[in-house]
file final-v9.tsv (TSV, C-alpha atoms)
chain	number	residue	atom	x	y	z
A	25	MET	CA	93.52	94.78	113.84
A	26	GLY	CA	91.08	95.00	110.95
A	27	PHE	CA	89.34	92.11	109.22
A	28	ASN	CA	92.25	89.94	108.14
A	29	VAL	CA	92.19	86.77	106.05
A	30	ALA	CA	95.25	84.50	105.98
A	31	VAL	CA	95.73	82.22	102.97
A	32	ASP	CA	98.52	79.67	103.10
A	33	GLY	CA	99.44	76.79	100.83
A	34	PRO	CA	102.09	75.30	98.55
A	35	ALA	CA	103.47	76.80	95.35
A	36	GLY	CA	101.07	76.73	92.42
A	37	ALA	CA	97.90	76.25	94.47
A	38	GLY	CA	96.40	79.45	93.07
A	39	LYS	CA	96.72	81.56	96.20
A	40	SER	CA	97.51	84.83	94.43
A	41	THR	CA	94.81	84.47	91.77
A	42	ILE	CA	92.14	83.63	94.34
A	43	ALA	CA	93.22	86.23	96.90
A	44	LYS	CA	93.21	89.00	94.28
A	45	ALA	CA	89.69	88.12	93.16
A	46	VAL	CA	88.38	87.92	96.73
A	47	ALA	CA	90.05	91.20	97.66
A	48	LYS	CA	88.37	92.95	94.74
A	49	GLU	CA	84.95	91.50	95.54
A	50	LEU	CA	85.09	92.33	99.27
A	51	ASN	CA	87.06	95.59	98.98
A	52	LEU	CA	90.03	94.22	100.91
A	53	ILE	CA	93.67	95.12	100.39
A	54	TYR	CA	95.55	92.22	98.85
A	55	VAL	CA	99.03	91.62	100.22
A	56	ASP	CA	101.08	89.23	98.08
A	57	THR	CA	103.85	88.23	100.49
A	58	GLY	CA	105.38	85.91	97.91
A	59	ALA	CA	106.00	88.91	95.66
A	60	MET	CA	107.91	90.59	98.48
A	61	TYR	CA	110.23	87.60	98.83
A	62	ARG	CA	110.53	87.38	95.06
A	63	ALA	CA	111.71	91.01	95.01
A	64	ILE	CA	114.50	90.13	97.43
A	65	ALA	CA	115.31	87.11	95.25
A	66	LEU	CA	115.44	89.30	92.14
A	67	PHE	CA	117.88	91.60	93.92
A	68	MET	CA	120.15	88.67	94.80
A	69	LEU	CA	120.10	87.41	91.21
A	70	ARG	CA	120.89	90.83	89.82
A	71	GLU	CA	123.76	91.16	92.27
A	72	GLY	CA	125.14	87.77	91.27
A	73	VAL	CA	125.09	86.48	94.83
A	74	ASP	CA	126.12	82.85	95.32
A	75	LEU	CA	122.91	81.31	96.70
A	76	SER	CA	124.90	78.68	98.58
A	77	ASP	CA	126.66	81.45	100.51
A	78	ARG	CA	124.28	82.24	103.36
A	79	GLN	CA	126.49	84.96	104.81
A	80	ALA	CA	126.67	86.78	101.46
A	81	ILE	CA	122.86	86.79	101.28
A	82	ILE	CA	122.60	88.17	104.82
A	83	GLU	CA	125.14	90.90	104.08
A	84	LYS	CA	123.36	91.94	100.85
A	85	CYS	CA	119.87	91.90	102.33
A	86	PRO	CA	119.97	95.40	103.94
A	87	ARG	CA	120.72	96.89	100.50
A	88	ALA	CA	117.39	95.65	99.13
A	89	ASP	CA	114.61	98.08	99.98
A	90	VAL	CA	111.27	96.39	99.26
A	91	THR	CA	108.09	98.42	99.57
A	92	ILE	CA	104.47	98.03	98.49
A	93	ARG	CA	102.17	100.70	97.15
A	94	TYR	CA	98.75	100.54	95.56
A	95	GLU	CA	98.21	102.25	92.23
A	96	ASP	CA	94.69	102.17	90.78
A	97	GLY	CA	93.85	99.38	93.21
A	98	VAL	CA	96.76	97.19	92.06
A	99	GLN	CA	99.61	96.12	94.33
A	100	VAL	CA	102.94	97.37	93.00
A	101	VAL	CA	106.18	96.02	94.45
A	102	PHE	CA	109.14	98.37	94.42
A	103	LEU	CA	112.74	97.24	94.73
A	104	ASN	CA	115.01	100.16	95.55
A	105	GLY	CA	112.48	102.51	93.99
A	106	GLU	CA	111.93	100.46	90.81
A	107	ASN	CA	108.58	98.90	89.94
A	108	VAL	CA	109.58	95.24	89.52
A	109	ASN	CA	106.16	93.60	89.10
A	110	ALA	CA	107.06	92.52	85.55
A	111	PHE	CA	110.14	90.58	86.71
A	112	LEU	CA	108.82	88.62	89.67
A	113	ARG	CA	107.05	85.61	88.13
A	114	THR	CA	109.87	83.74	86.41
A	115	GLU	CA	110.80	80.22	87.50
A	116	GLU	CA	114.32	81.37	88.39
A	117	VAL	CA	113.08	84.10	90.71
A	118	GLY	CA	110.58	81.71	92.30
A	119	GLU	CA	113.23	79.09	92.96
A	120	THR	CA	115.60	81.70	94.39
A	121	ALA	CA	112.88	83.05	96.68
A	122	SER	CA	112.33	79.54	98.04
A	123	VAL	CA	116.06	79.26	98.81
A	124	ILE	CA	116.47	82.60	100.59
A	125	SER	CA	113.10	82.95	102.33
A	126	PRO	CA	113.97	80.61	105.26
A	127	ILE	CA	116.89	82.83	106.31
A	128	PRO	CA	115.86	84.59	109.57
A	129	GLU	CA	117.40	87.94	108.64
A	130	VAL	CA	115.40	87.98	105.39
A	131	ARG	CA	112.14	86.96	107.05
A	132	LYS	CA	112.44	89.47	109.89
A	133	ASN	CA	112.22	92.48	107.58
A	134	MET	CA	109.40	91.03	105.49
A	135	VAL	CA	107.25	89.92	108.42
A	136	ALA	CA	107.49	93.35	110.07
A	137	LEU	CA	106.13	95.02	106.93
A	138	GLN	CA	103.38	92.41	106.57
A	139	LYS	CA	102.21	92.85	110.17
A	140	GLU	CA	102.21	96.62	109.74
A	141	LEU	CA	99.99	96.40	106.66
A	142	ALA	CA	97.52	94.10	108.41
A	143	ALA	CA	97.34	96.23	111.55
A	144	HIS	CA	96.03	99.23	109.64
A	145	SER	CA	93.75	97.73	107.00
A	146	ASP	CA	91.21	95.06	106.15
A	147	CYS	CA	93.29	92.70	104.07
A	148	ILE	CA	93.72	89.26	102.60
A	149	MET	CA	97.31	88.04	102.73
A	150	ASP	CA	98.76	84.94	101.12
A	151	GLY	CA	102.00	83.08	101.66
A	152	ARG	CA	103.46	80.07	103.45
A	153	ASP	CA	103.27	81.07	107.11
A	154	ILE	CA	100.59	83.73	107.32
A	155	GLY	CA	98.14	81.90	109.57
A	156	THR	CA	100.85	80.32	111.71
A	157	CYS	CA	103.30	83.21	112.06
A	158	VAL	CA	102.45	86.55	110.45
A	159	LEU	CA	98.72	86.78	111.32
A	160	PRO	CA	98.05	84.17	114.01
A	161	ASP	CA	94.95	86.12	115.10
A	162	ALA	CA	93.43	86.48	111.63
A	163	ARG	CA	89.63	86.24	111.61
A	164	LEU	CA	89.78	83.58	108.90
A	165	LYS	CA	92.58	81.21	107.96
A	166	ILE	CA	92.53	79.15	104.77
A	167	TYR	CA	94.91	76.42	103.62
A	168	LEU	CA	94.66	76.31	99.84
A	169	THR	CA	96.16	73.26	98.20
A	170	ALA	CA	96.10	70.94	95.18
A	171	SER	CA	98.00	67.85	94.08
A	172	SER	CA	101.50	68.40	92.66
A	173	GLU	CA	100.28	66.88	89.37
A	174	VAL	CA	97.50	69.45	89.04
A	175	ARG	CA	99.73	72.35	90.06
A	176	ALA	CA	102.37	71.33	87.53
A	177	LYS	CA	99.75	71.03	84.78
A	178	ARG	CA	98.45	74.51	85.55
A	179	ARG	CA	101.95	75.96	85.34
A	180	TYR	CA	102.69	74.04	82.13
A	181	ASP	CA	99.48	75.34	80.53
A	182	GLU	CA	100.23	78.88	81.70
A	183	LEU	CA	103.64	78.81	80.04
A	184	ALA	CA	102.24	77.20	76.87
A	185	ALA	CA	99.64	79.98	76.60
A	186	LYS	CA	102.52	82.45	76.59
A	187	GLY	CA	104.31	80.48	73.87
A	188	VAL	CA	107.00	79.26	76.24
A	189	GLU	CA	108.19	75.68	75.81
A	190	SER	CA	108.64	73.73	79.04
A	191	ASP	CA	109.13	70.24	80.42
A	192	PHE	CA	106.13	69.04	82.43
A	193	GLN	CA	108.11	66.49	84.45
A	194	LYS	CA	110.73	69.09	85.38
A	195	ILE	CA	108.04	71.54	86.47
A	196	LYS	CA	106.45	68.83	88.62
A	197	ALA	CA	109.81	67.85	90.12
A	198	ASP	CA	110.62	71.51	90.87
A	199	ILE	CA	107.23	71.98	92.58
A	200	GLU	CA	107.71	68.89	94.73
A	201	GLU	CA	111.24	69.97	95.67
A	202	ARG	CA	109.95	73.43	96.60
A	203	ASP	CA	107.19	71.85	98.69
A	204	TYR	CA	109.75	69.80	100.59
A	205	ARG	CA	111.97	72.83	101.26
A	206	ASP	CA	109.03	74.96	102.37
A	207	MET	CA	107.62	72.27	104.67
A	208	HIS	CA	110.95	71.32	106.26
A	209	ARG	CA	112.64	74.67	106.71
A	210	GLU	CA	113.68	75.50	110.26
A	211	ILE	CA	112.04	78.93	110.40
A	212	SER	CA	108.25	79.20	109.89
A	213	PRO	CA	107.72	76.06	107.78
A	214	LEU	CA	104.71	75.71	105.52
A	215	LYS	CA	101.95	73.97	107.47
A	216	LYS	CA	98.24	74.24	108.05
A	217	ALA	CA	97.28	76.37	111.05
A	218	GLU	CA	95.24	74.35	113.53
A	219	ASP	CA	92.14	76.49	112.95
A	220	ALA	CA	92.53	76.86	109.17
A	221	VAL	CA	89.94	75.64	106.69
A	222	ILE	CA	91.40	73.32	104.04
A	223	VAL	CA	90.30	74.06	100.46
A	224	ASP	CA	91.61	71.52	97.94
A	225	THR	CA	91.33	73.03	94.47
A	226	SER	CA	92.46	69.95	92.52
A	227	ASP	CA	88.99	69.30	91.07
A	228	MET	CA	87.61	72.83	91.23
A	229	THR	CA	87.43	75.61	88.66
A	230	VAL	CA	88.78	79.05	89.55
A	231	ASP	CA	85.21	80.38	89.83
A	232	GLU	CA	84.26	77.57	92.18
A	233	VAL	CA	87.24	78.26	94.41
A	234	ILE	CA	86.50	82.00	94.50
A	235	ALA	CA	82.86	81.35	95.40
A	236	SER	CA	83.93	78.99	98.19
A	237	ILE	CA	86.40	81.48	99.67
A	238	LEU	CA	83.93	84.36	99.40
A	239	LYS	CA	81.37	82.37	101.42
A	240	LEU	CA	83.97	81.60	104.09
A	241	CYS	CA	84.91	85.29	104.28
A	242	ARG	CA	81.34	86.50	104.54
A	243	ASP	CA	80.53	83.94	107.22
A	244	ALA	CA	83.65	84.96	109.17
A	245	ARG	CA	82.74	88.64	109.00
A	246	GLN	CA	79.38	87.89	110.59
A	247	ARG	CA	80.91	86.03	113.54
call {"tool": "encode", "arguments": {"input": "final-v9.tsv", "output": "structure tokens"}}
result
Amino acid sequence: MGFNVAVDGPAGAGKSTIAKAVAKELNLIYVDTGAMYRAIALFMLREGVDLSDRQAIIEKCPRADVTIRYEDGVQVVFLNGENVNAFLRTEEVGETASVISPIPEVRKNMVALQKELAAHSDCIMDGRDIGTCVLPDARLKIYLTASSEVRAKRRYDELAAKGVESDFQKIKADIEERDYRDMHREISPLKKAEDAVIVDTSDMTVDEVIASILKLCRDARQR
């Protein structure tokens, strides 16, 4: 195993933004596991699968081929050969990913790919169960979090900057509902690994968070 960093935490904590920046600074491969689950979710939405029908999801899952490649240093997620990066960050896809990700048959395929990537490269990987399940032997484990109020405000501002109207209270309620699902699912629930370092970003700027994580990574590499 190379030098692996596991970053876990709830939706909207900034895991992807921070992990990308750290990966670039330390020349690590960034593995966005959430994007992999979102690709499966996108497939289910496109297929019109009833998300309350667990068996239908399981039966459709083998038809979704999700792979990752790096083009010019950027992670590109392919769904059945199509670059779907541009379709993965909608609220609908995120909500769908949260619904289907606890299903064992879905997780089995994703976790195998994630472990394979980590075994052959120095990487930073973010998700919900990286430190507890996917990379239990990672050199450094981080639990990145923030209050639901702060996470909702960040998402609201992000949508506003794109000219998209949204309801702050609904965003906050959706985040809290997603947190509950992620923390109470039967398979690999979201929780802090016993040896993870908690980084609460509620009162930190992005640059402050990046600096904090970079220091933790550099210290871990020297151990």
call {"tool": "residues_around", "arguments": {"input": "final-v9.tsv", "residues": "A:Thr225", "least_positions_apart": "2", "cutoff": "8 Å", "atoms": "all atoms listed in the file", "output": "MDAnalysis selection string"}}
result
chainID A and resid 37 168:170 223 227:229 233
call {"tool": "residues_around", "arguments": {"input": "final-v9.tsv", "residues": "A:Ala142", "least_positions_apart": "4", "cutoff": "8 Å", "atoms": "all atoms listed in the file", "output": "MDAnalysis selection string"}}
result
chainID A and resid 25:26 28 138 146:147 159
call {"tool": "closest_residue", "arguments": {"input": "final-v9.tsv", "among": "A:Arg247, A:Thr91, A:Ile148, A:Ile64", "to": "A:Val46", "atoms": "only C-alpha atoms"}}
result
A:Ile148
call {"tool": "atom_distance", "arguments": {"input": "final-v9.tsv", "atom1": "atom CA of A:Tyr94", "atom2": "atom CA of A:Val55"}}
result
10.1 Å
call {"tool": "residues_around", "arguments": {"input": "final-v9.tsv", "residues": "A:Val158", "least_positions_apart": "2", "cutoff": "10 Å", "atoms": "only C-alpha atoms", "output": "JSON, numbers by chain"}}
result
{"A": [30, 134, 135, 136, 137, 138, 139, 142, 149, 151, 152, 153, 154, 155, 156, 160, 161, 162, 212]}
call {"tool": "write_last_selection", "arguments": {"input": "final-v9.tsv", "atoms": "C-alpha atoms", "output": "mmCIF file, in the coordinates of the input"}}
result
data_model
loop_
_atom_site.group_PDB
_atom_site.id
_atom_site.type_symbol
_atom_site.label_atom_id
_atom_site.label_comp_id
_atom_site.auth_asym_id
_atom_site.auth_seq_id
_atom_site.Cartn_x
_atom_site.Cartn_y
_atom_site.Cartn_z
ATOM 1 C CA ALA A 30 95.250 84.500 105.980
ATOM 2 C CA MET A 134 109.400 91.030 105.490
ATOM 3 C CA VAL A 135 107.250 89.920 108.420
ATOM 4 C CA ALA A 136 107.490 93.350 110.070
ATOM 5 C CA LEU A 137 106.130 95.020 106.930
ATOM 6 C CA GLN A 138 103.380 92.410 106.570
ATOM 7 C CA LYS A 139 102.210 92.850 110.170
ATOM 8 C CA ALA A 142 97.520 94.100 108.410
ATOM 9 C CA MET A 149 97.310 88.040 102.730
ATOM 10 C CA GLY A 151 102.000 83.080 101.660
ATOM 11 C CA ARG A 152 103.460 80.070 103.450
ATOM 12 C CA ASP A 153 103.270 81.070 107.110
ATOM 13 C CA ILE A 154 100.590 83.730 107.320
ATOM 14 C CA GLY A 155 98.140 81.900 109.570
ATOM 15 C CA THR A 156 100.850 80.320 111.710
ATOM 16 C CA PRO A 160 98.050 84.170 114.010
ATOM 17 C CA ASP A 161 94.950 86.120 115.100
ATOM 18 C CA ALA A 162 93.430 86.480 111.630
ATOM 19 C CA SER A 212 108.250 79.200 109.890
#
call {"tool": "closest_atom_pairs", "arguments": {"input": "final-v9.tsv", "of": "stretch 53-80 of chain A", "to": "stretch 102-120 of chain A", "cutoff": "8 Å", "atoms": "all atoms listed in the file", "output": "Markdown table"}}
result
| residue | atom | partner | partner_atom | distance |
| --- | --- | --- | --- | --- |
| A:Ala59 | CA | A:Leu112 | CA | 6.6 |
| A:Arg62 | CA | A:Leu112 | CA | 5.8 |
| A:Ala63 | CA | A:Leu103 | CA | 6.3 |
| A:Ile64 | CA | A:Leu103 | CA | 7.8 |
| A:Ala65 | CA | A:Thr120 | CA | 5.5 |
| A:Leu66 | CA | A:Val117 | CA | 5.9 |
| A:Phe67 | CA | A:Leu103 | CA | 7.7 |
| A:Leu69 | CA | A:Val117 | CA | 7.8 |
| A:Leu75 | CA | A:Thr120 | CA | 7.7 |
call {"tool": "atom_distance", "arguments": {"input": "final-v9.tsv", "atom1": "atom CA of A:Val29", "atom2": "atom CA of A:Ile166"}}
result
7.7 Å
call {"tool": "decode", "arguments": {"input": "final-v9.tsv", "residues": "stretch 138-188 of chain A", "atoms": "C-alpha atoms", "output": "short mmCIF file (atom, residue, chain, number, x, y, z; two decimals), in the first residue's frame"}}
result
data_model
loop_
_atom_site.label_atom_id
_atom_site.label_comp_id
_atom_site.auth_asym_id
_atom_site.auth_seq_id
_atom_site.Cartn_x
_atom_site.Cartn_y
_atom_site.Cartn_z
CA GLN A 138 -11.49 1.90 -4.47
CA LYS A 139 -9.20 -0.62 -2.75
CA GLU A 140 -7.54 -1.40 -6.07
CA LEU A 141 -6.77 2.27 -6.71
CA ALA A 142 -5.30 2.73 -3.23
CA ALA A 143 -3.16 -0.41 -3.43
CA HIS A 144 -1.24 0.89 -6.43
CA SER A 145 -0.90 4.61 -5.78
CA ASP A 146 -0.35 7.34 -3.23
CA CYS A 147 -3.83 8.76 -2.89
CA ILE A 148 -6.28 10.79 -0.89
CA MET A 149 -9.77 9.32 -0.88
CA ASP A 150 -12.94 10.87 0.47
CA GLY A 151 -16.32 9.41 1.30
CA ARG A 152 -18.41 8.15 4.20
CA ASP A 153 -16.64 4.93 5.19
CA ILE A 154 -13.10 5.26 3.89
CA GLY A 155 -11.26 5.15 7.21
CA THR A 156 -13.58 2.55 8.73
CA CYS A 157 -14.11 0.21 5.79
CA VAL A 158 -12.32 0.93 2.51
CA LEU A 159 -8.88 1.96 3.85
CA PRO A 160 -8.73 0.86 7.49
CA ASP A 161 -4.91 0.88 7.33
CA ALA A 162 -4.57 4.35 5.82
CA ARG A 163 -1.57 6.29 7.14
CA LEU A 164 -3.79 9.24 8.00
CA LYS A 165 -7.52 9.38 8.67
CA ILE A 166 -9.45 12.64 8.86
CA TYR A 167 -13.07 13.25 9.85
CA LEU A 168 -14.08 16.51 8.20
CA THR A 169 -17.28 18.05 9.49
CA ALA A 170 -19.27 21.26 9.97
CA SER A 171 -22.65 22.17 11.43
CA SER A 172 -25.71 21.48 9.26
CA GLU A 173 -26.45 25.22 9.30
CA VAL A 174 -23.04 26.07 7.86
CA ARG A 175 -23.18 23.28 5.28
CA ALA A 176 -26.62 24.39 4.12
CA LYS A 177 -25.46 28.01 3.83
CA ARG A 178 -22.49 26.95 1.71
CA ARG A 179 -24.74 24.99 -0.63
CA TYR A 180 -27.27 27.85 -0.80
CA ASP A 181 -24.50 30.32 -1.68
CA GLU A 182 -23.06 27.94 -4.27
CA LEU A 183 -26.42 27.66 -6.02
CA ALA A 184 -27.02 31.43 -5.79
CA ALA A 185 -23.64 32.07 -7.44
CA LYS A 186 -24.84 29.94 -10.35
CA GLY A 187 -28.09 31.91 -10.56
CA VAL A 188 -30.15 29.03 -9.21
#
